[in-house]
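S.K.: Structure: target25.cif, mmCIF, C-alpha atoms.
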```
data_input
loop_
_atom_site.label_atom_id
_atom_site.label_comp_id
_atom_site.auth_asym_id
_atom_site.auth_seq_id
_atom_site.Cartn_x
_atom_site.Cartn_y
_atom_site.Cartn_z
CA MET A 1 14.90 3.59 -7.39
CA THR A 2 15.15 -0.06 -8.47
CA THR A 3 12.87 -3.02 -8.38
CA SER A 4 13.79 -6.25 -6.67
CA ALA A 5 14.98 -7.46 -10.06
CA ASP A 6 17.26 -4.39 -10.38
CA ALA A 7 15.28 -2.91 -13.27
CA PRO A 8 15.26 0.88 -12.84
CA VAL A 9 11.83 2.41 -12.41
CA ARG A 10 11.44 6.12 -11.72
CA HIS A 11 8.20 7.65 -10.59
CA GLY A 12 7.17 10.90 -8.99
CA HIS A 13 4.63 9.35 -6.63
CA THR A 14 4.73 9.12 -2.85
CA PRO A 15 6.89 6.10 -1.90
CA GLY A 16 4.76 3.26 -0.58
CA SER A 17 1.58 4.54 -2.21
CA ALA A 18 -0.74 2.61 -4.49
CA ARG A 19 0.12 4.88 -7.42
CA ALA A 20 3.82 4.18 -6.90
CA ALA A 21 3.22 0.40 -7.04
CA LEU A 22 1.16 0.73 -10.23
CA SER A 23 4.07 2.49 -11.96
CA TYR A 24 5.85 -0.90 -12.23
CA PRO A 25 4.70 -2.56 -15.50
CA ARG A 26 5.19 -6.14 -14.25
CA PHE A 27 3.23 -5.51 -11.08
CA ARG A 28 0.50 -3.70 -13.02
CA ARG A 29 0.07 -6.63 -15.44
CA MET A 30 -0.06 -9.25 -12.69
CA TRP A 31 -2.41 -7.16 -10.57
CA THR A 32 -4.85 -6.55 -13.43
CA ALA A 33 -4.93 -10.23 -14.42
CA SER A 34 -5.43 -11.31 -10.83
CA PHE A 35 -8.24 -8.79 -10.36
CA SER A 36 -10.04 -10.21 -13.39
CA SER A 37 -9.61 -13.78 -12.15
CA ASN A 38 -10.70 -12.95 -8.62
CA ILE A 39 -13.98 -11.53 -9.88
CA GLY A 40 -14.76 -15.05 -11.07
CA THR A 41 -13.57 -16.53 -7.78
CA TRP A 42 -15.94 -14.35 -5.79
CA MET A 43 -18.78 -15.09 -8.17
CA GLN A 44 -18.29 -18.71 -7.16
CA ASN A 45 -17.65 -17.96 -3.48
CA VAL A 46 -20.87 -15.99 -3.11
CA VAL A 47 -23.16 -18.59 -4.72
CA LEU A 48 -21.63 -21.83 -3.44
CA PRO A 49 -22.71 -21.29 0.22
CA VAL A 50 -26.18 -20.27 -0.96
CA TYR A 51 -26.39 -23.40 -3.13
CA VAL A 52 -25.48 -25.63 -0.18
CA LEU A 53 -27.81 -23.73 2.20
CA ASP A 54 -30.71 -23.99 -0.26
CA ARG A 55 -30.23 -27.75 -0.57
CA THR A 56 -29.71 -28.51 3.14
CA GLY A 57 -31.18 -25.59 5.10
CA LYS A 58 -28.43 -25.86 7.72
CA ALA A 59 -25.67 -23.38 8.57
CA SER A 60 -23.62 -26.26 9.98
CA VAL A 61 -23.46 -27.90 6.55
CA VAL A 62 -22.39 -24.58 5.01
CA GLY A 63 -19.65 -24.47 7.65
CA LEU A 64 -18.47 -27.91 6.56
CA MET A 65 -18.39 -26.78 2.94
CA VAL A 66 -16.34 -23.68 3.82
CA PHE A 67 -13.95 -25.91 5.76
CA ALA A 68 -13.61 -28.21 2.75
CA GLN A 69 -12.64 -25.24 0.58
CA LEU A 70 -10.49 -23.25 3.02
CA GLY A 71 -9.33 -25.99 5.41
CA PRO A 72 -6.39 -26.99 3.15
CA LEU A 73 -4.79 -23.65 4.06
CA LEU A 74 -4.31 -25.04 7.56
CA PHE A 75 -2.54 -28.19 6.42
CA LEU A 76 -0.72 -27.20 3.24
CA SER A 77 0.38 -23.61 3.81
CA ILE A 78 3.68 -24.55 5.46
CA PRO A 79 4.91 -26.94 2.74
CA ALA A 80 3.61 -24.44 0.16
CA GLY A 81 5.69 -21.73 1.83
CA VAL A 82 8.81 -23.88 1.65
CA ILE A 83 8.13 -24.47 -2.06
CA ALA A 84 7.63 -20.73 -2.60
CA ASP A 85 11.08 -19.96 -1.18
CA ARG A 86 12.95 -22.80 -2.89
CA PHE A 87 11.56 -23.37 -6.41
CA ASP A 88 10.65 -21.45 -9.56
CA ARG A 89 7.60 -19.47 -8.47
CA ARG A 90 6.24 -18.79 -11.95
CA ARG A 91 6.04 -22.46 -12.99
CA TRP A 92 4.53 -23.40 -9.66
CA LEU A 93 1.91 -20.65 -9.86
CA ILE A 94 0.90 -21.66 -13.39
CA ALA A 95 0.47 -25.27 -12.26
CA MET A 96 -1.71 -24.25 -9.30
CA GLN A 97 -3.89 -22.03 -11.50
CA LEU A 98 -4.52 -25.03 -13.75
CA VAL A 99 -5.46 -27.17 -10.73
CA GLN A 100 -8.01 -24.60 -9.55
CA LEU A 101 -9.36 -24.20 -13.09
CA ALA A 102 -9.96 -27.94 -13.43
CA PHE A 103 -11.78 -28.35 -10.12
CA SER A 104 -13.85 -25.19 -10.58
CA ALA A 105 -14.96 -26.46 -13.98
CA ALA A 106 -15.92 -29.79 -12.38
CA LEU A 107 -18.36 -28.00 -10.06
CA ALA A 108 -20.54 -26.98 -13.02
CA PRO A 109 -21.86 -30.42 -14.09
CA LEU A 110 -22.23 -31.52 -10.47
CA ALA A 111 -24.38 -28.49 -9.62
CA ALA A 112 -26.40 -28.87 -12.83
CA ALA A 113 -27.22 -32.47 -11.90
CA ASP A 114 -27.83 -31.71 -8.20
CA ALA A 115 -25.20 -34.36 -7.44
CA PRO A 116 -24.83 -35.64 -3.86
CA ILE A 117 -23.58 -32.89 -1.54
CA TRP A 118 -20.47 -34.91 -0.66
CA THR A 119 -19.29 -34.70 -4.27
CA ILE A 120 -19.59 -30.89 -4.12
CA PHE A 121 -17.50 -30.99 -0.96
CA VAL A 122 -14.79 -33.13 -2.59
CA VAL A 123 -14.46 -30.86 -5.61
CA ALA A 124 -14.54 -27.71 -3.42
CA CYS A 125 -11.71 -29.28 -1.43
CA GLY A 126 -9.77 -29.71 -4.69
CA VAL A 127 -10.15 -25.98 -5.39
CA GLY A 128 -8.99 -25.32 -1.83
CA VAL A 129 -5.89 -27.49 -2.23
CA GLY A 130 -4.89 -25.56 -5.34
CA ASN A 131 -5.49 -22.26 -3.54
CA ALA A 132 -3.52 -23.35 -0.45
CA LEU A 133 -0.52 -24.40 -2.54
CA ASN A 134 -0.77 -21.21 -4.61
CA ALA A 135 -1.28 -18.55 -1.92
CA PRO A 136 2.17 -18.31 -0.23
CA ALA A 137 4.01 -18.29 -3.58
CA TRP A 138 1.68 -15.62 -4.96
CA SER A 139 1.96 -13.44 -1.86
CA ALA A 140 5.75 -13.84 -1.82
CA MET A 141 6.01 -13.03 -5.54
CA LEU A 142 4.01 -9.77 -5.66
CA PRO A 143 6.35 -7.67 -3.44
CA THR A 144 9.35 -8.69 -5.57
CA LEU A 145 7.78 -6.82 -8.52
CA VAL A 146 8.30 -3.46 -6.77
CA SER A 147 11.06 -1.87 -4.72
CA ARG A 148 11.08 -2.45 -0.97
CA GLU A 149 9.95 1.09 -0.20
CA ASP A 150 6.88 0.58 -2.42
CA ILE A 151 5.81 -2.71 -0.81
CA PRO A 152 3.06 -0.99 1.27
CA GLY A 153 1.44 0.19 -1.97
CA SER A 154 1.57 -3.29 -3.49
CA VAL A 155 0.04 -4.85 -0.36
CA SER A 156 -2.71 -2.21 -0.32
CA LEU A 157 -3.52 -2.82 -3.99
CA ASN A 158 -3.54 -6.58 -3.47
CA SER A 159 -6.09 -6.13 -0.67
CA THR A 160 -8.10 -3.78 -2.88
CA MET A 161 -8.03 -6.35 -5.68
CA ILE A 162 -9.31 -9.11 -3.40
CA ASN A 163 -12.09 -6.98 -2.01
CA GLY A 164 -12.89 -5.13 -5.21
CA SER A 165 -13.62 -8.52 -6.71
CA ARG A 166 -15.88 -9.16 -3.71
CA VAL A 167 -17.92 -6.19 -4.91
CA VAL A 168 -17.93 -6.82 -8.64
CA GLY A 169 -18.41 -10.60 -8.38
CA PRO A 170 -21.66 -10.52 -6.34
CA ILE A 171 -23.06 -7.68 -8.48
CA ILE A 172 -22.42 -9.72 -11.64
CA VAL A 173 -24.02 -12.73 -9.96
CA ALA A 174 -27.11 -10.68 -9.02
CA VAL A 175 -27.46 -9.44 -12.61
CA LEU A 176 -26.85 -12.84 -14.18
CA ARG A 177 -29.15 -14.67 -11.78
CA SER A 178 -31.89 -12.14 -12.51
CA ALA A 179 -31.36 -12.88 -16.21
CA GLY A 180 -31.79 -16.62 -15.63
CA VAL A 181 -28.14 -17.75 -15.57
CA SER A 182 -27.80 -20.92 -13.49
CA ILE A 183 -25.39 -21.53 -10.61
CA ALA A 184 -23.68 -24.22 -12.71
CA GLN A 185 -22.97 -21.69 -15.45
CA ILE A 186 -21.50 -19.28 -12.89
CA PHE A 187 -19.09 -22.00 -11.78
CA LEU A 188 -18.05 -22.45 -15.41
CA ILE A 189 -17.49 -18.71 -15.86
CA ASN A 190 -15.18 -18.75 -12.85
CA ALA A 191 -13.14 -21.59 -14.32
CA VAL A 192 -12.47 -19.58 -17.48
CA THR A 193 -11.19 -16.57 -15.50
CA TYR A 194 -8.12 -18.51 -14.29
CA LEU A 195 -6.80 -18.15 -17.84
CA PHE A 196 -6.18 -14.43 -17.21
CA VAL A 197 -3.59 -15.16 -14.53
CA ILE A 198 -1.99 -17.97 -16.55
CA TRP A 199 -1.60 -15.54 -19.48
CA ALA A 200 0.01 -12.90 -17.23
CA LEU A 201 2.38 -15.41 -15.64
CA VAL A 202 3.53 -16.63 -19.07
CA ARG A 203 4.21 -13.06 -20.20
CA THR A 204 5.80 -11.67 -17.03
CA PRO A 205 9.44 -12.33 -16.05
CA ILE A 206 9.59 -12.96 -12.31
CA HIS A 207 12.83 -12.34 -10.47
CA GLN A 208 13.92 -15.44 -8.59
CA THR A 209 15.19 -14.42 -5.16
CA LYS A 210 18.21 -16.06 -3.60
CA ALA A 211 17.39 -19.55 -2.46
CA ALA A 212 16.54 -20.04 1.19
CA PRO A 213 19.30 -21.88 3.11
CA ARG A 214 18.87 -25.64 3.00
CA GLU A 215 17.97 -27.17 6.31
CA PRO A 216 17.82 -30.83 7.25
CA GLY A 217 14.61 -32.82 7.59
CA MET A 218 11.67 -31.21 9.33
CA ARG A 219 13.60 -28.04 10.17
CA GLN A 220 12.80 -26.64 6.74
CA PHE A 221 9.09 -26.87 7.63
CA THR A 222 9.54 -25.06 10.95
CA ALA A 223 11.76 -22.27 9.58
CA GLY A 224 8.81 -19.91 9.26
CA TRP A 225 7.97 -20.33 12.93
CA ARG A 226 11.58 -19.64 13.93
CA ILE A 227 11.78 -16.53 11.74
CA ALA A 228 8.51 -15.22 13.18
CA ARG A 229 9.46 -16.02 16.78
CA ALA A 230 12.74 -14.11 16.35
CA ASN A 231 10.78 -10.97 15.48
CA PRO A 232 8.40 -10.03 18.33
CA GLY A 233 6.27 -7.74 16.16
CA VAL A 234 5.78 -10.38 13.46
CA TRP A 235 4.88 -12.99 16.08
CA ARG A 236 2.33 -10.71 17.75
CA LEU A 237 0.73 -9.98 14.37
CA LEU A 238 0.37 -13.71 13.62
CA VAL A 239 -1.11 -14.53 17.03
CA THR A 240 -3.50 -11.61 16.70
CA LEU A 241 -4.63 -12.67 13.24
CA PHE A 242 -5.10 -16.30 14.28
CA THR A 243 -7.44 -15.45 17.14
CA PHE A 244 -9.21 -12.70 15.17
CA SER A 245 -9.97 -15.12 12.33
CA LEU A 246 -11.14 -17.84 14.72
CA LEU A 247 -13.36 -15.77 17.00
CA SER A 248 -14.37 -12.62 15.10
CA LEU A 249 -14.64 -13.68 11.45
CA PRO A 250 -17.01 -16.68 11.35
CA TYR A 251 -19.61 -14.37 9.80
CA VAL A 252 -17.47 -14.14 6.62
CA GLY A 253 -17.84 -17.81 5.67
CA LEU A 254 -21.37 -17.93 7.07
CA PHE A 255 -22.56 -14.67 5.49
CA ALA A 256 -25.46 -16.37 3.72
CA ALA A 257 -26.68 -17.93 6.97
CA VAL A 258 -26.32 -14.63 8.84
CA ALA A 259 -28.32 -12.83 6.14
CA ARG A 260 -31.12 -15.36 6.36
CA LYS A 261 -31.24 -15.83 10.13
CA ASN A 262 -30.46 -12.29 11.29
CA PHE A 263 -32.10 -10.12 8.64
CA GLY A 264 -34.83 -12.37 7.27
CA ILE A 265 -33.59 -12.25 3.67
CA ASP A 266 -35.74 -14.66 1.68
CA LYS A 267 -34.48 -17.73 -0.14
CA GLY A 268 -33.89 -16.96 -3.80
CA SER A 269 -33.70 -13.18 -3.24
CA THR A 270 -30.78 -11.25 -4.78
CA THR A 271 -30.76 -8.99 -1.69
CA TYR A 272 -28.08 -11.28 -0.24
CA GLU A 273 -25.74 -10.66 -3.19
CA TRP A 274 -26.27 -6.90 -2.95
CA LEU A 275 -25.60 -6.94 0.81
CA TYR A 276 -22.43 -8.96 0.26
CA ALA A 277 -21.34 -6.51 -2.45
CA THR A 278 -21.95 -3.57 -0.10
CA TRP A 279 -19.78 -5.19 2.56
CA GLY A 280 -17.17 -6.02 -0.08
CA LEU A 281 -17.17 -2.41 -1.32
CA GLY A 282 -16.35 -1.24 2.18
CA ALA A 283 -13.58 -3.83 2.42
CA ALA A 284 -12.12 -2.70 -0.91
CA MET A 285 -12.14 0.92 0.22
CA GLY A 286 -10.51 -0.07 3.50
CA GLY A 287 -7.67 -1.88 1.73
CA LEU A 288 -7.19 0.95 -0.77
CA ALA A 289 -7.20 3.63 1.94
CA ILE A 290 -4.06 2.13 3.50
CA GLY A 291 -2.10 2.93 0.34
CA THR A 292 -3.73 6.31 -0.33
CA VAL A 293 -5.47 8.31 2.39
CA PHE A 294 -3.50 6.68 5.23
CA VAL A 295 -0.19 6.24 3.42
CA HIS A 296 1.60 8.57 5.88
CA VAL A 297 -0.14 7.28 9.02
CA ASP A 298 1.66 4.86 11.34
CA LYS A 299 0.23 1.45 10.39
CA ARG A 300 0.80 0.15 13.91
CA ARG A 301 -1.63 2.71 15.30
CA LEU A 302 -4.10 2.08 12.47
CA ILE A 303 -4.23 -1.58 13.50
CA ARG A 304 -5.38 -0.76 17.02
CA ILE A 305 -7.89 1.85 15.85
CA GLY A 306 -9.15 -0.58 13.23
CA PHE A 307 -9.90 -3.31 15.77
CA VAL A 308 -11.95 -0.93 17.89
CA ALA A 309 -13.88 0.30 14.84
CA PHE A 310 -14.46 -3.29 13.70
CA ALA A 311 -15.86 -4.19 17.13
CA VAL A 312 -18.32 -1.29 17.02
CA PHE A 313 -19.54 -2.03 13.50
CA LEU A 314 -19.76 -5.80 14.01
CA ALA A 315 -21.92 -5.17 17.07
CA GLY A 316 -24.13 -2.90 14.94
CA PHE A 317 -24.33 -5.60 12.26
CA ALA A 318 -25.30 -8.15 14.91
CA LEU A 319 -28.04 -5.97 16.38
CA ALA A 320 -29.64 -5.06 13.04
CA ARG A 321 -32.94 -6.87 12.53
CA GLU A 322 -33.87 -5.82 9.00
CA PRO A 323 -31.95 -5.67 5.69
CA VAL A 324 -32.05 -1.85 5.82
CA GLY A 325 -30.07 -1.81 9.08
CA ALA A 326 -27.64 -4.39 7.73
CA PHE A 327 -27.00 -2.32 4.59
CA ALA A 328 -26.43 0.79 6.72
CA VAL A 329 -23.53 -0.76 8.61
CA ALA A 330 -22.15 -3.35 6.15
CA ALA A 331 -19.80 -1.03 4.25
CA PHE A 332 -18.32 0.37 7.48
CA LEU A 333 -17.81 -3.15 8.80
CA GLY A 334 -16.01 -4.14 5.60
CA PHE A 335 -13.86 -0.99 5.72
CA ALA A 336 -12.72 -1.66 9.30
CA TYR A 337 -12.17 -5.36 8.58
CA PHE A 338 -9.83 -4.99 5.63
CA GLY A 339 -8.29 -1.68 6.61
CA THR A 340 -7.09 -3.43 9.76
CA THR A 341 -5.85 -6.63 8.13
CA THR A 342 -4.18 -4.71 5.28
CA SER A 343 -2.29 -2.61 7.84
CA MET A 344 -1.22 -5.82 9.56
CA ASN A 345 -0.10 -7.39 6.28
CA THR A 346 1.82 -4.23 5.30
CA VAL A 347 3.80 -4.18 8.54
CA LEU A 348 4.43 -7.93 8.39
CA GLN A 349 5.64 -8.03 4.78
CA SER A 350 7.91 -5.02 5.21
CA ARG A 351 9.77 -6.78 8.03
CA LEU A 352 10.67 -9.86 5.99
CA ALA A 353 13.53 -10.52 3.58
CA ASP A 354 12.54 -11.71 0.08
CA HIS A 355 13.95 -15.21 0.55
CA GLU A 356 12.06 -15.82 3.81
CA ARG A 357 8.76 -14.19 2.90
CA GLY A 358 7.16 -17.34 1.49
CA ARG A 359 7.68 -19.37 4.65
CA VAL A 360 6.36 -16.68 6.99
CA MET A 361 3.47 -15.79 4.69
CA SER A 362 2.42 -19.43 4.81
CA LEU A 363 1.75 -18.84 8.52
CA TRP A 364 -0.23 -15.73 7.60
CA PHE A 365 -2.47 -17.75 5.31
CA MET A 366 -2.87 -20.45 7.95
CA ALA A 367 -4.00 -17.79 10.39
CA PHE A 368 -6.13 -15.75 7.96
CA GLY A 369 -7.66 -18.22 5.53
CA GLY A 370 -7.18 -21.50 7.35
CA THR A 371 -8.56 -20.50 10.73
CA VAL A 372 -11.80 -18.96 9.44
CA PRO A 373 -13.25 -22.37 8.47
CA LEU A 374 -12.38 -23.68 11.94
CA GLY A 375 -14.48 -20.87 13.36
CA ASN A 376 -17.24 -21.85 10.93
CA LEU A 377 -17.18 -25.44 12.20
CA VAL A 378 -17.35 -24.28 15.81
CA PHE A 379 -19.92 -21.51 15.48
CA ALA A 380 -22.20 -22.73 12.67
CA PRO A 381 -23.99 -25.26 14.94
CA LEU A 382 -24.30 -22.49 17.54
CA MET A 383 -25.95 -20.27 14.93
CA ASP A 384 -28.40 -23.07 14.16
CA ALA A 385 -29.17 -23.38 17.88
CA VAL A 386 -29.35 -19.78 19.13
CA GLY A 387 -29.12 -17.59 16.01
CA ALA A 388 -26.32 -15.49 14.56
CA ARG A 389 -26.63 -12.44 16.81
CA TRP A 390 -24.79 -13.80 19.85
CA VAL A 391 -22.00 -15.27 17.77
CA LEU A 392 -21.35 -11.89 16.14
CA LEU A 393 -21.48 -10.02 19.45
CA GLY A 394 -18.89 -12.40 20.90
CA GLY A 395 -16.65 -11.69 17.92
CA ALA A 396 -17.05 -7.96 18.50
CA LEU A 397 -15.92 -8.30 22.11
CA TRP A 398 -12.80 -10.21 21.06
CA ALA A 399 -11.90 -7.58 18.45
CA LEU A 400 -12.16 -4.94 21.18
CA PHE A 401 -9.65 -6.91 23.26
CA LEU A 402 -7.28 -7.15 20.27
CA GLY A 403 -7.32 -3.35 20.01
CA TRP A 404 -5.43 -3.42 23.33
CA TYR A 405 -3.39 -6.57 22.73
CA CYS A 406 -1.84 -5.72 19.33
CA ASP A 407 0.23 -2.76 20.54
CA LEU A 408 3.16 -2.92 18.12
CA VAL A 409 4.55 0.46 19.15
CA ARG A 410 5.20 -0.87 22.64
CA ILE A 411 6.48 -4.20 21.33
CA ASP A 412 8.93 -2.53 18.94
CA ARG A 413 10.16 -0.23 21.70
CA LEU A 414 10.81 -3.18 24.01
CA ALA A 415 12.44 -5.18 21.20
CA GLU A 416 14.86 -2.36 20.44
CA GLN A 417 15.71 -1.95 24.12
CA ARG A 418 16.40 -5.68 24.50
CA GLY A 419 18.01 -6.14 21.08
CA SER A 420 15.46 -8.88 20.25
CA HIS A 421 15.23 -7.79 16.63
CA THR A 422 18.89 -8.68 16.08
CA LEU A 423 18.44 -12.41 16.73
CA GLU A 424 18.21 -13.06 12.98
CA PRO A 425 20.62 -11.44 10.49
CA ASP A 426 17.75 -10.43 8.22
CA HIS A 427 16.08 -8.49 11.04
CA THR A 428 18.83 -6.10 12.05
CA ALA A 429 17.10 -2.99 10.71
CA THR A 430 15.41 -0.44 12.90
CA PHE A 431 11.81 0.60 12.34
CA ASP A 432 10.71 3.96 10.96
CA GLU A 433 7.93 6.12 12.34
CA HIS A 434 5.35 3.94 10.54
CA GLY A 435 6.57 0.68 12.04
CA ILE A 436 8.08 -0.38 8.70
CA SER A 437 11.51 -1.99 8.55
CA ALA A 438 14.00 0.67 7.50
CA GLY A 439 17.52 0.59 6.14
CA GLU A 440 17.36 -2.77 4.35
#
```
Would you mind writing the file out in structure tokens?

M.R.:
Amino acid sequence: MTTSADAPVRHGHTPGSARAALSYPRFRRMWTASFSSNIGTWMQNVVLPVYVLDRTGKASVVGLMVFAQLGPLLFLSIPAGVIADRFDRRRWLIAMQLVQLAFSAALAPLAAADAPIWTIFVVACGVGVGNALNAPAWSAMLPTLVSREDIPGSVSLNSTMINGSRVVGPIIVAVLRSAGVSIAQIFLINAVTYLFVIWALVRTPIHQTKAAPREPGMRQFTAGWRIARANPGVWRLLVTLFTFSLLSLPYVGLFAAVARKNFGIDKGSTTYEWLYATWGLGAAMGGLAIGTVFVHVDKRRLIRIGFVAFAVFLAGFALAREPVGAFAVAAFLGFAYFGTTTSMNTVLQSRLADHERGRVMSLWFMAFGGTVPLGNLVFAPLMDAVGARWVLLGGALWALFLGWYCDLVRIDRLAEQRGSHTLEPDHTATFDEHGISAGE
């Protein structure tokens, strides 16, 4: 077995499992550093909406703040994907970590001084720009640290890292806030954590994949769309994720408003952080399960089951009227949410060549991270007007529809019958029983 950089790595673990991915020293170092940094990120992400809600009292303003931070994913993901496939990824990633560090540090004095809300928005947008330019390169880099057959394990661990930090971050915030640590100081702690990733990037050699073919003018910015359109399964996954993020996930960015409006959680209470951590724990377990418990299960079928489970648990979350009911369902909701999206990401990444992954993953981040704030902008005023319950129930109904719509088994069967998967030279492989590209 060899890594993408042709360095031999032998392990006795199940191919594609989380343990197999962790047997690669470079991946293990980058994953650990990123986990540490993301704890700080989610410390900031959990308190920033509360800070804005406390100062304004309006979910619509929180929606604007989330759009300022995540909106750049909509506009910058495509050029960032082109950069990820054409330039030195390590230098680019270090630069983007420094950008996010600087803007996160700038939030601290602004929050301490209760500066005008628009200044918070501007600096949050700066963090978002750094994240948008970083995300496709980071996502394209991680799978190159393991062999192709172990990509599912790396994707599962990356999802676990993101959601594990969603657990640890809020818990640390709840403890620190109880001890009198200010929101401004939490922003400063987050800024320091970017140094972990910078240290790992400096120490870790990253294999540079073959350069993507040069294309004239604007064609280089539409290459990701063409690659995705040539692969029916990849295209269906992207369309599914776009609509799921828009219609079913507004509660993620508006979690603080949902907690206050739906469950009556008081202003200044740490119950919100503990509820968020409970949901994040479920999400972490859902991402991890894809690379452990469900490693041998067809990911295409898991996607459909996951959407149905998400619909059921989101409806339960919507109908809960007290914090106790919300806690009872939050972990299951998180599990279904990230178990489903991790399965989608695993199938998507395994069907892409290394030199095209950055451009297609830029579309993934547009659909996943960039569309959520659009949903916040649309549904936050509706939450202010009629409450959160109906917004969440509508999202549950859409997820139920996606359980029917995202039938990759049928799509792959039709694609093989028609020869659609041979339109691009990098997509000539057949798919194994798990819906993963085989024979590459």

S.K.: What's around A:Phe335 at 10 Å? Count only C-alpha atoms, leave out sequence neighbours fewer than 6 positions away in its own chain, and write the answer as a PDB file with C-alpha atoms, in the frame of the given file.

M.R.:
```
ATOM      1  CA  ASN A 163     -12.090  -6.980  -2.010  1.00  0.00           C
ATOM      2  CA  TRP A 279     -19.780  -5.190   2.560  1.00  0.00           C
ATOM      3  CA  GLY A 280     -17.170  -6.020  -0.080  1.00  0.00           C
ATOM      4  CA  LEU A 281     -17.170  -2.410  -1.320  1.00  0.00           C
ATOM      5  CA  GLY A 282     -16.350  -1.240   2.180  1.00  0.00           C
ATOM      6  CA  ALA A 283     -13.580  -3.830   2.420  1.00  0.00           C
ATOM      7  CA  ALA A 284     -12.120  -2.700  -0.910  1.00  0.00           C
ATOM      8  CA  MET A 285     -12.140   0.920   0.220  1.00  0.00           C
ATOM      9  CA  GLY A 286     -10.510  -0.070   3.500  1.00  0.00           C
ATOM     10  CA  GLY A 287      -7.670  -1.880   1.730  1.00  0.00           C
ATOM     11  CA  LEU A 288      -7.190   0.950  -0.770  1.00  0.00           C
ATOM     12  CA  ALA A 289      -7.200   3.630   1.940  1.00  0.00           C
ATOM     13  CA  GLY A 306      -9.150  -0.580  13.230  1.00  0.00           C
ATOM     14  CA  ALA A 309     -13.880   0.300  14.840  1.00  0.00           C
ATOM     15  CA  PHE A 310     -14.460  -3.290  13.700  1.00  0.00           C
ATOM     16  CA  PHE A 313     -19.540  -2.030  13.500  1.00  0.00           C
TER      17      PHE A 313
END
```

S.K.: Edge lengths and centre in Å to one decimal, as lines of an AutoDock Vina configuration file, is what I'm after for the box along x, y and z that holds all listed atoms of stretch 49-64 of chain A once 3 Å is added on each side.

M.R.:
```
center_x = -24.8
center_y = -24.4
center_z = 3.4
size_x = 18.7
size_y = 14.2
size_z = 19.1
```

S.K.: Which of these residues is nearest to A:Ser60, using all atoms listed in the file: A:Leu382, A:Val360, A:Leu107, A:Leu157?

M.R.: A:Leu382

S.K.: Could you state the separation of atom CA of A:Leu302 and atom CA of A:Thr340 in Å, given to one decimal place?

M.R.: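 Distance reported for this atom pair: 6.8 Å.
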
S.K.: State, in Å with one decimal place, the distance from atom CA of A:Leu195 to atom CA of A:Pro116.

M.R.: 28.7 Å

S.K.: Between A:Pro232, A:His355, A:Val297, A:Ser269, which is the closest to A:Arg418 once you count only C-alpha atoms?

M.R.: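 For A:Arg418, the nearest of the given residues is A:Pro232.
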
S.K.: Leaving out A:Pro152 and any residue of its chain fewer than 3 positions from it, which residues lie within 12 Å of it when counting all atoms listed in the file, given as a PyMOL selection string?

M.R.: chain A and resi 14-22+142-143+146-149+155-159+287-292+294-299+342-351+434-437

S.K.: Considering only C-alpha atoms, can you say which of A:Trp225, A:Phe87, A:Tyr194, A:Tyr51 comes closest to A:Ser36?

M.R.: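 Nearest to A:Ser36: A:Tyr194.
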
S.K.: Could you state which residues are captured by the PyMOL selection byres ((chain A and resi 248-256) around 8) in this file, as a VMD selection string?

M.R.: chain A and resid 49 to 50 53 59 62 to 63 66 243 to 247 257 to 260 272 276 372 to 373 375 to 376 379 to 380 392 394 to 396 398 to 399

S.K.: Translate the PyMOL selection byres ((chain A and resi 74) around 9), as applied to the file shown, into an explicit residue set as a count of residues only.

M.R.: 16

S.K.: Would you work out the distance separating atom CA of A:Pro323 from atom CA of A:Val378, expressed in Å to one decimal?

M.R.: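 Atom-to-atom, atom CA of A:Pro323 and atom CA of A:Val378 are spaced 25.7 Å apart.
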
S.K.: Can you work out which one of A:Ser182, A:Leu201, A:Ala80, A:Leu393 has the shortest atom-to-atom distance to A:Pro109, counting all atoms listed in the file?

M.R.: A:Ser182

S.K.: How would you write, as number ranges by chain, the residues chosen by the PyMOL selection byres ((chain A and resi 200) around 12) on this structure?

M.R.: A: 25-37, 90, 93-94, 97, 193-199, 201-206

S.K.: Which residue gives the smallest distance to A:Asp407 among A:Trp42, A:Phe332, A:Phe307, A:Phe317, with all atoms listed in the file counted?

M.R.: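 For A:Asp407, the nearest of the given residues is A:Phe307.
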